[in-house]
Amino acid sequence: MNHDPNCLFCKIVQGLIPSQKVYEDAEIYAFKDINPAAPVHFLIIPKKHLAMLESAEPVDAPMLGRMMELAPRLAKEQGCRPGQDGGFRLVVNNGADGGQEVYHLHLHVMGGPRPWKK
Ligand code: 5GP
Ligand code: ZN
């Protein structure tokens, strides 16, 4: 697995920094955000170090697609209501202008009863 020794999320993937695991498989890891912006807020990340979307190559496309496909299943497990009446928000902050702070690609999954409307 391609890890960056200076990357916070690579350290989380390797268990060097503790995290509240939501999901794990051979190439994807998901864990709760340490500073939640919503009642449900977790991050889905590739296990391999990809700094941002520009770092992804065509070979990564199936894994990136699986991250999206996992989102509703994990959101439901974490307490989001399923379907059209429920749901969640997906955010990718990409680059400085996109507000990215941790340079290991991650999908924010935020849910609960429309917390951003309050
Ligand atoms: P970004 O702005 O890069 O899209 O978001 C980074 C996210 O990572 C933030 O929501 C922040 O709360 C979260 N985060 C930063 N450090 C840690 C950490 O050590 N553990 C966990 N679980 N989340 C973190
Ligand atoms: Zn990394």
# chains A, B, ... in the order shown; residues from 1 in each chain; ligands from 1

call {"tool": "select_by_dssp", "arguments": {"residues": "chain A", "states": "alpha helix (DSSP H)", "output": "PyMOL selection string"}}
result
chain A and resi 8-13+61-77

call {"tool": "closest_atom_pairs", "arguments": {"of": "chain A", "to": "ligand 2", "cutoff": "9 Å", "atoms": "only C-alpha atoms and all ligand atoms", "output": "Markdown table"}}
result
| residue | atom | partner | partner_atom_place_in_ligand_line | distance |
| --- | --- | --- | --- | --- |
| A:Asn2 | CA | ligand 2 | 1 (Zn) | 8.4 |
| A:His3 | CA | ligand 2 | 1 (Zn) | 5.8 |
| A:Asp4 | CA | ligand 2 | 1 (Zn) | 5.2 |
| A:Pro5 | CA | ligand 2 | 1 (Zn) | 7.8 |
| A:Asn6 | CA | ligand 2 | 1 (Zn) | 7.7 |
| A:Cys7 | CA | ligand 2 | 1 (Zn) | 4.5 |
| A:Leu8 | CA | ligand 2 | 1 (Zn) | 6.4 |
| A:Phe9 | CA | ligand 2 | 1 (Zn) | 5.0 |
| A:Cys10 | CA | ligand 2 | 1 (Zn) | 3.9 |
| A:Lys11 | CA | ligand 2 | 1 (Zn) | 7.4 |
| A:Ile12 | CA | ligand 2 | 1 (Zn) | 8.7 |
| A:Val13 | CA | ligand 2 | 1 (Zn) | 8.3 |
| A:Pro46 | CA | ligand 2 | 1 (Zn) | 8.5 |
| A:Lys47 | CA | ligand 2 | 1 (Zn) | 7.7 |
| A:Lys48 | CA | ligand 2 | 1 (Zn) | 6.7 |
| A:His49 | CA | ligand 2 | 1 (Zn) | 3.9 |
| A:Leu50 | CA | ligand 2 | 1 (Zn) | 6.3 |
| A:Ala51 | CA | ligand 2 | 1 (Zn) | 6.5 |
| A:Val102 | CA | ligand 2 | 1 (Zn) | 8.5 |
| A:Tyr103 | CA | ligand 2 | 1 (Zn) | 6.9 |
| A:His104 | CA | ligand 2 | 1 (Zn) | 4.5 |
| A:Leu105 | CA | ligand 2 | 1 (Zn) | 7.7 |

call {"tool": "write_last_selection", "arguments": {"atoms": "N, CA and C atoms", "output": "mmCIF file, in the first residue's frame"}}
result
data_model
loop_
_atom_site.group_PDB
_atom_site.id
_atom_site.type_symbol
_atom_site.label_atom_id
_atom_site.label_comp_id
_atom_site.auth_asym_id
_atom_site.auth_seq_id
_atom_site.Cartn_x
_atom_site.Cartn_y
_atom_site.Cartn_z
ATOM 1 N N ASN A 2 0.489 2.224 -0.787
ATOM 2 C CA ASN A 2 1.254 3.458 -0.936
ATOM 3 C C ASN A 2 0.850 4.467 0.145
ATOM 4 N N HIS A 3 1.648 4.558 1.231
ATOM 5 C CA HIS A 3 1.379 5.514 2.298
ATOM 6 C C HIS A 3 2.428 6.616 2.291
ATOM 7 N N ASP A 4 1.985 7.837 2.671
ATOM 8 C CA ASP A 4 2.908 8.961 2.841
ATOM 9 C C ASP A 4 3.198 9.082 4.341
ATOM 10 N N PRO A 5 4.457 8.923 4.743
ATOM 11 C CA PRO A 5 4.777 8.927 6.176
ATOM 12 C C PRO A 5 4.437 10.234 6.884
ATOM 13 N N ASN A 6 4.267 11.312 6.126
ATOM 14 C CA ASN A 6 3.948 12.607 6.733
ATOM 15 C C ASN A 6 2.457 12.948 6.688
ATOM 16 N N CYS A 7 1.647 11.988 6.217
ATOM 17 C CA CYS A 7 0.229 12.275 6.008
ATOM 18 C C CYS A 7 -0.617 11.784 7.183
ATOM 19 N N LEU A 8 -1.425 12.699 7.737
ATOM 20 C CA LEU A 8 -2.280 12.379 8.883
ATOM 21 C C LEU A 8 -3.207 11.200 8.594
ATOM 22 N N PHE A 9 -3.879 11.239 7.445
ATOM 23 C CA PHE A 9 -4.855 10.182 7.167
ATOM 24 C C PHE A 9 -4.172 8.851 6.828
ATOM 25 N N CYS A 10 -2.971 8.891 6.247
ATOM 26 C CA CYS A 10 -2.216 7.640 6.067
ATOM 27 C C CYS A 10 -1.891 7.023 7.432
ATOM 28 N N LYS A 11 -1.587 7.879 8.414
ATOM 29 C CA LYS A 11 -1.315 7.371 9.762
ATOM 30 C C LYS A 11 -2.579 6.779 10.370
ATOM 31 N N ILE A 12 -3.736 7.390 10.102
ATOM 32 C CA ILE A 12 -5.002 6.843 10.600
ATOM 33 C C ILE A 12 -5.279 5.486 9.941
ATOM 34 N N VAL A 13 -5.077 5.390 8.626
ATOM 35 C CA VAL A 13 -5.300 4.119 7.912
ATOM 36 C C VAL A 13 -4.436 3.009 8.516
ATOM 37 N N PRO A 46 -9.602 6.707 0.419
ATOM 38 C CA PRO A 46 -8.834 5.584 -0.123
ATOM 39 C C PRO A 46 -7.741 5.204 0.871
ATOM 40 N N LYS A 47 -7.443 3.926 0.992
ATOM 41 C CA LYS A 47 -6.327 3.540 1.866
ATOM 42 C C LYS A 47 -4.998 4.002 1.285
ATOM 43 N N LYS A 48 -4.907 4.008 -0.036
ATOM 44 C CA LYS A 48 -3.648 4.479 -0.639
ATOM 45 C C LYS A 48 -3.623 6.001 -0.638
ATOM 46 N N HIS A 49 -2.444 6.563 -0.535
ATOM 47 C CA HIS A 49 -2.320 8.017 -0.465
ATOM 48 C C HIS A 49 -2.586 8.649 -1.823
ATOM 49 N N LEU A 50 -3.704 9.369 -1.910
ATOM 50 C CA LEU A 50 -3.991 10.249 -3.047
ATOM 51 C C LEU A 50 -4.199 11.621 -2.433
ATOM 52 N N ALA A 51 -3.365 12.583 -2.738
ATOM 53 C CA ALA A 51 -3.436 13.889 -2.068
ATOM 54 C C ALA A 51 -4.744 14.595 -2.387
ATOM 55 N N VAL A 102 -6.605 18.717 4.846
ATOM 56 C CA VAL A 102 -5.817 17.490 4.917
ATOM 57 C C VAL A 102 -5.638 16.958 3.494
ATOM 58 N N TYR A 103 -4.371 16.891 3.051
ATOM 59 C CA TYR A 103 -4.088 16.524 1.670
ATOM 60 C C TYR A 103 -3.969 15.019 1.493
ATOM 61 N N HIS A 104 -5.071 14.353 1.844
ATOM 62 C CA HIS A 104 -5.314 12.950 1.505
ATOM 63 C C HIS A 104 -6.801 12.929 1.145
ATOM 64 N N LEU A 105 -7.069 12.684 -0.114
ATOM 65 C CA LEU A 105 -8.431 12.769 -0.657
ATOM 66 C C LEU A 105 -9.447 12.130 0.287
#

call {"tool": "closest_atom_pairs", "arguments": {"of": "chain A", "to": "ligand 1", "cutoff": "7 Å", "atoms": "only C-alpha atoms and all ligand atoms", "output": "CSV"}}
result
residue,atom,partner,partner_atom_place_in_ligand_line,distance
A:Leu8,CA,ligand 1,19 (O),6.7
A:Ser19,CA,ligand 1,22 (N),5.4
A:Gln20,CA,ligand 1,22 (N),6.8
A:Phe31,CA,ligand 1,22 (N),6.2
A:Lys32,CA,ligand 1,22 (N),5.2
A:Asp33,CA,ligand 1,22 (N),4.2
A:Ile34,CA,ligand 1,22 (N),4.0
A:Asn35,CA,ligand 1,12 (O),4.1
A:Pro36,CA,ligand 1,12 (O),6.4
A:Val92,CA,ligand 1,4 (O),6.2
A:Asn93,CA,ligand 1,4 (O),4.5
A:Gly99,CA,ligand 1,2 (O),5.4
A:Gln100,CA,ligand 1,3 (O),3.8
A:Glu101,CA,ligand 1,3 (O),3.4
A:Val102,CA,ligand 1,3 (O),3.9
A:Tyr103,CA,ligand 1,3 (O),6.4
A:His106,CA,ligand 1,4 (O),6.8

call {"tool": "write_last_selection", "arguments": {"atoms": "N, CA, C and O atoms", "output": "JSON list (two decimals), in the first residue's frame"}}
result
[["chain", "number", "residue", "atom", "x", "y", "z"],
["A", 8, "LEU", "N", -1.43, 12.70, 7.74],
["A", 8, "LEU", "CA", -2.28, 12.38, 8.88],
["A", 8, "LEU", "C", -3.21, 11.20, 8.59],
["A", 8, "LEU", "O", -3.33, 10.27, 9.41],
["A", 19, "SER", "N", -8.69, 6.25, 15.48],
["A", 19, "SER", "CA", -9.87, 6.84, 14.85],
["A", 19, "SER", "C", -11.07, 5.96, 15.17],
["A", 19, "SER", "O", -10.92, 4.80, 15.54],
["A", 20, "GLN", "N", -12.24, 6.54, 15.04],
["A", 20, "GLN", "CA", -13.48, 5.78, 15.24],
["A", 20, "GLN", "C", -13.91, 5.22, 13.89],
["A", 20, "GLN", "O", -14.52, 5.91, 13.07],
["A", 31, "PHE", "N", -14.14, 6.72, 8.71],
["A", 31, "PHE", "CA", -14.03, 7.00, 10.14],
["A", 31, "PHE", "C", -14.72, 8.30, 10.46],
["A", 31, "PHE", "O", -14.90, 9.17, 9.59],
["A", 32, "LYS", "N", -15.10, 8.46, 11.72],
["A", 32, "LYS", "CA", -15.83, 9.65, 12.14],
["A", 32, "LYS", "C", -14.92, 10.88, 12.14],
["A", 32, "LYS", "O", -13.76, 10.80, 12.56],
["A", 33, "ASP", "N", -15.48, 12.00, 11.68],
["A", 33, "ASP", "CA", -14.73, 13.26, 11.71],
["A", 33, "ASP", "C", -14.54, 13.69, 13.17],
["A", 33, "ASP", "O", -15.47, 13.64, 13.98],
["A", 34, "ILE", "N", -13.35, 14.14, 13.49],
["A", 34, "ILE", "CA", -13.02, 14.50, 14.88],
["A", 34, "ILE", "C", -13.74, 15.79, 15.30],
["A", 34, "ILE", "O", -13.90, 16.04, 16.50],
["A", 35, "ASN", "N", -14.15, 16.58, 14.34],
["A", 35, "ASN", "CA", -14.81, 17.87, 14.63],
["A", 35, "ASN", "C", -16.10, 17.95, 13.80],
["A", 35, "ASN", "O", -16.17, 18.70, 12.82],
["A", 36, "PRO", "N", -17.11, 17.17, 14.19],
["A", 36, "PRO", "CA", -18.27, 17.00, 13.32],
["A", 36, "PRO", "C", -19.03, 18.30, 13.07],
["A", 36, "PRO", "O", -19.25, 19.10, 13.97],
["A", 92, "VAL", "N", -16.44, 17.18, -1.17],
["A", 92, "VAL", "CA", -15.00, 17.00, -1.36],
["A", 92, "VAL", "C", -14.37, 18.39, -1.43],
["A", 92, "VAL", "O", -14.63, 19.13, -2.38],
["A", 93, "ASN", "N", -13.61, 18.75, -0.42],
["A", 93, "ASN", "CA", -12.84, 19.99, -0.46],
["A", 93, "ASN", "C", -11.54, 19.69, -1.18],
["A", 93, "ASN", "O", -10.75, 18.86, -0.72],
["A", 99, "GLY", "N", -10.90, 24.75, 0.09],
["A", 99, "GLY", "CA", -10.96, 24.61, 1.55],
["A", 99, "GLY", "C", -10.36, 23.32, 2.07],
["A", 99, "GLY", "O", -10.62, 22.93, 3.21],
["A", 100, "GLN", "N", -9.54, 22.64, 1.25],
["A", 100, "GLN", "CA", -8.94, 21.39, 1.71],
["A", 100, "GLN", "C", -7.87, 21.67, 2.75],
["A", 100, "GLN", "O", -7.01, 22.54, 2.55],
["A", 101, "GLU", "N", -7.94, 20.95, 3.87],
["A", 101, "GLU", "CA", -6.95, 21.11, 4.94],
["A", 101, "GLU", "C", -6.05, 19.90, 5.07],
["A", 101, "GLU", "O", -4.86, 20.02, 5.38],
["A", 102, "VAL", "N", -6.60, 18.72, 4.85],
["A", 102, "VAL", "CA", -5.82, 17.49, 4.92],
["A", 102, "VAL", "C", -5.64, 16.96, 3.49],
["A", 102, "VAL", "O", -6.63, 16.64, 2.81],
["A", 103, "TYR", "N", -4.37, 16.89, 3.05],
["A", 103, "TYR", "CA", -4.09, 16.52, 1.67],
["A", 103, "TYR", "C", -3.97, 15.02, 1.49],
["A", 103, "TYR", "O", -2.94, 14.50, 1.09],
["A", 106, "HIS", "N", -10.53, 12.84, 0.55],
["A", 106, "HIS", "CA", -11.59, 12.31, 1.42],
["A", 106, "HIS", "C", -12.94, 12.83, 1.04],
["A", 106, "HIS", "O", -13.08, 13.97, 0.59]]

call {"tool": "select_by_dssp", "arguments": {"residues": "chain A", "states": "strand (DSSP E)", "output": "list in words"}}
result
Lys21, Val22, Tyr23, Glu24, Ile28, Tyr29, Ala30, Phe31, Lys32, Val40, His41, Phe42, Leu43, Ile44, Ile45, Pro46, Phe88, Arg89, Leu90, Val91, Leu107, His108, Val109, Met110 and Gly111 of chain A

call {"tool": "atom_distance", "arguments": {"atom1": "atom CA of A:Gly95", "atom2": "atom CA of A:Ala37"}}
result
19.6 Å

call {"tool": "residues_around", "arguments": {"residues": "A:Tyr29", "least_positions_apart": "3", "cutoff": "8 Å", "atoms": "only C-alpha atoms", "output": "PDB file with N, CA, C and O atoms, in the first residue's frame"}}
result
ATOM      1  N   VAL A  13      -5.077   5.390   8.626  1.00  0.00           N
ATOM      2  CA  VAL A  13      -5.300   4.119   7.912  1.00  0.00           C
ATOM      3  C   VAL A  13      -4.436   3.009   8.516  1.00  0.00           C
ATOM      4  O   VAL A  13      -4.876   1.864   8.668  1.00  0.00           O
ATOM      5  N   LYS A  21     -13.587   3.949  13.676  1.00  0.00           N
ATOM      6  CA  LYS A  21     -13.811   3.306  12.378  1.00  0.00           C
ATOM      7  C   LYS A  21     -15.296   3.145  12.092  1.00  0.00           C
ATOM      8  O   LYS A  21     -16.065   2.713  12.948  1.00  0.00           O
ATOM      9  N   VAL A  22     -15.674   3.461  10.871  1.00  0.00           N
ATOM     10  CA  VAL A  22     -17.042   3.277  10.393  1.00  0.00           C
ATOM     11  C   VAL A  22     -17.093   2.092   9.416  1.00  0.00           C
ATOM     12  O   VAL A  22     -18.072   1.355   9.363  1.00  0.00           O
ATOM     13  N   TYR A  23     -16.021   1.904   8.663  1.00  0.00           N
ATOM     14  CA  TYR A  23     -16.006   0.869   7.619  1.00  0.00           C
ATOM     15  C   TYR A  23     -14.564   0.659   7.165  1.00  0.00           C
ATOM     16  O   TYR A  23     -13.750   1.583   7.184  1.00  0.00           O
ATOM     17  N   GLU A  24     -14.282  -0.569   6.729  1.00  0.00           N
ATOM     18  CA  GLU A  24     -12.953  -0.859   6.164  1.00  0.00           C
ATOM     19  C   GLU A  24     -13.056  -2.021   5.190  1.00  0.00           C
ATOM     20  O   GLU A  24     -13.755  -2.994   5.454  1.00  0.00           O
ATOM     21  N   ASP A  25     -12.389  -1.902   4.058  1.00  0.00           N
ATOM     22  CA  ASP A  25     -12.161  -3.059   3.191  1.00  0.00           C
ATOM     23  C   ASP A  25     -10.741  -2.968   2.650  1.00  0.00           C
ATOM     24  O   ASP A  25      -9.923  -2.208   3.184  1.00  0.00           O
ATOM     25  N   ILE A  44     -14.885   9.185   4.158  1.00  0.00           N
ATOM     26  CA  ILE A  44     -14.548   7.971   3.399  1.00  0.00           C
ATOM     27  C   ILE A  44     -13.275   8.282   2.622  1.00  0.00           C
ATOM     28  O   ILE A  44     -13.235   9.270   1.867  1.00  0.00           O
ATOM     29  N   ILE A  45     -12.246   7.464   2.805  1.00  0.00           N
ATOM     30  CA  ILE A  45     -10.957   7.749   2.161  1.00  0.00           C
ATOM     31  C   ILE A  45     -10.404   6.492   1.477  1.00  0.00           C
ATOM     32  O   ILE A  45     -10.679   5.367   1.905  1.00  0.00           O
ATOM     33  N   PRO A  46      -9.602   6.707   0.419  1.00  0.00           N
ATOM     34  CA  PRO A  46      -8.834   5.584  -0.123  1.00  0.00           C
ATOM     35  C   PRO A  46      -7.741   5.204   0.871  1.00  0.00           C
ATOM     36  O   PRO A  46      -7.163   6.089   1.519  1.00  0.00           O
ATOM     37  N   LYS A  47      -7.443   3.926   0.992  1.00  0.00           N
ATOM     38  CA  LYS A  47      -6.327   3.540   1.866  1.00  0.00           C
ATOM     39  C   LYS A  47      -4.998   4.002   1.285  1.00  0.00           C
ATOM     40  O   LYS A  47      -4.083   4.354   2.015  1.00  0.00           O
TER      41      LYS A  47
END

call {"tool": "atom_distance", "arguments": {"atom1": "atom CA of A:Ala26", "atom2": "atom CA of A:Ala71"}}
result
16.5 Å

call {"tool": "atom_distance", "arguments": {"atom1": "atom CA of A:Gly98", "atom2": "atom CA of A:Leu74"}}
result
24.7 Å

call {"tool": "closest_residue", "arguments": {"among": "A:Ile17, A:Leu53, A:Pro113, A:Ile28", "to": "A:Met1", "atoms": "only C-alpha atoms"}}
result
A:Ile28

call {"tool": "closest_residue", "arguments": {"among": "A:Leu16, A:Val59, A:Leu107, A:Ala38", "to": "A:Leu90", "atoms": "only C-alpha atoms"}}
result
A:Leu107

call {"tool": "closest_residue", "arguments": {"among": "A:Leu43, A:Ala30, A:Leu64, A:Met52", "to": "A:Asn94", "atoms": "only C-alpha atoms"}}
result
A:Met52
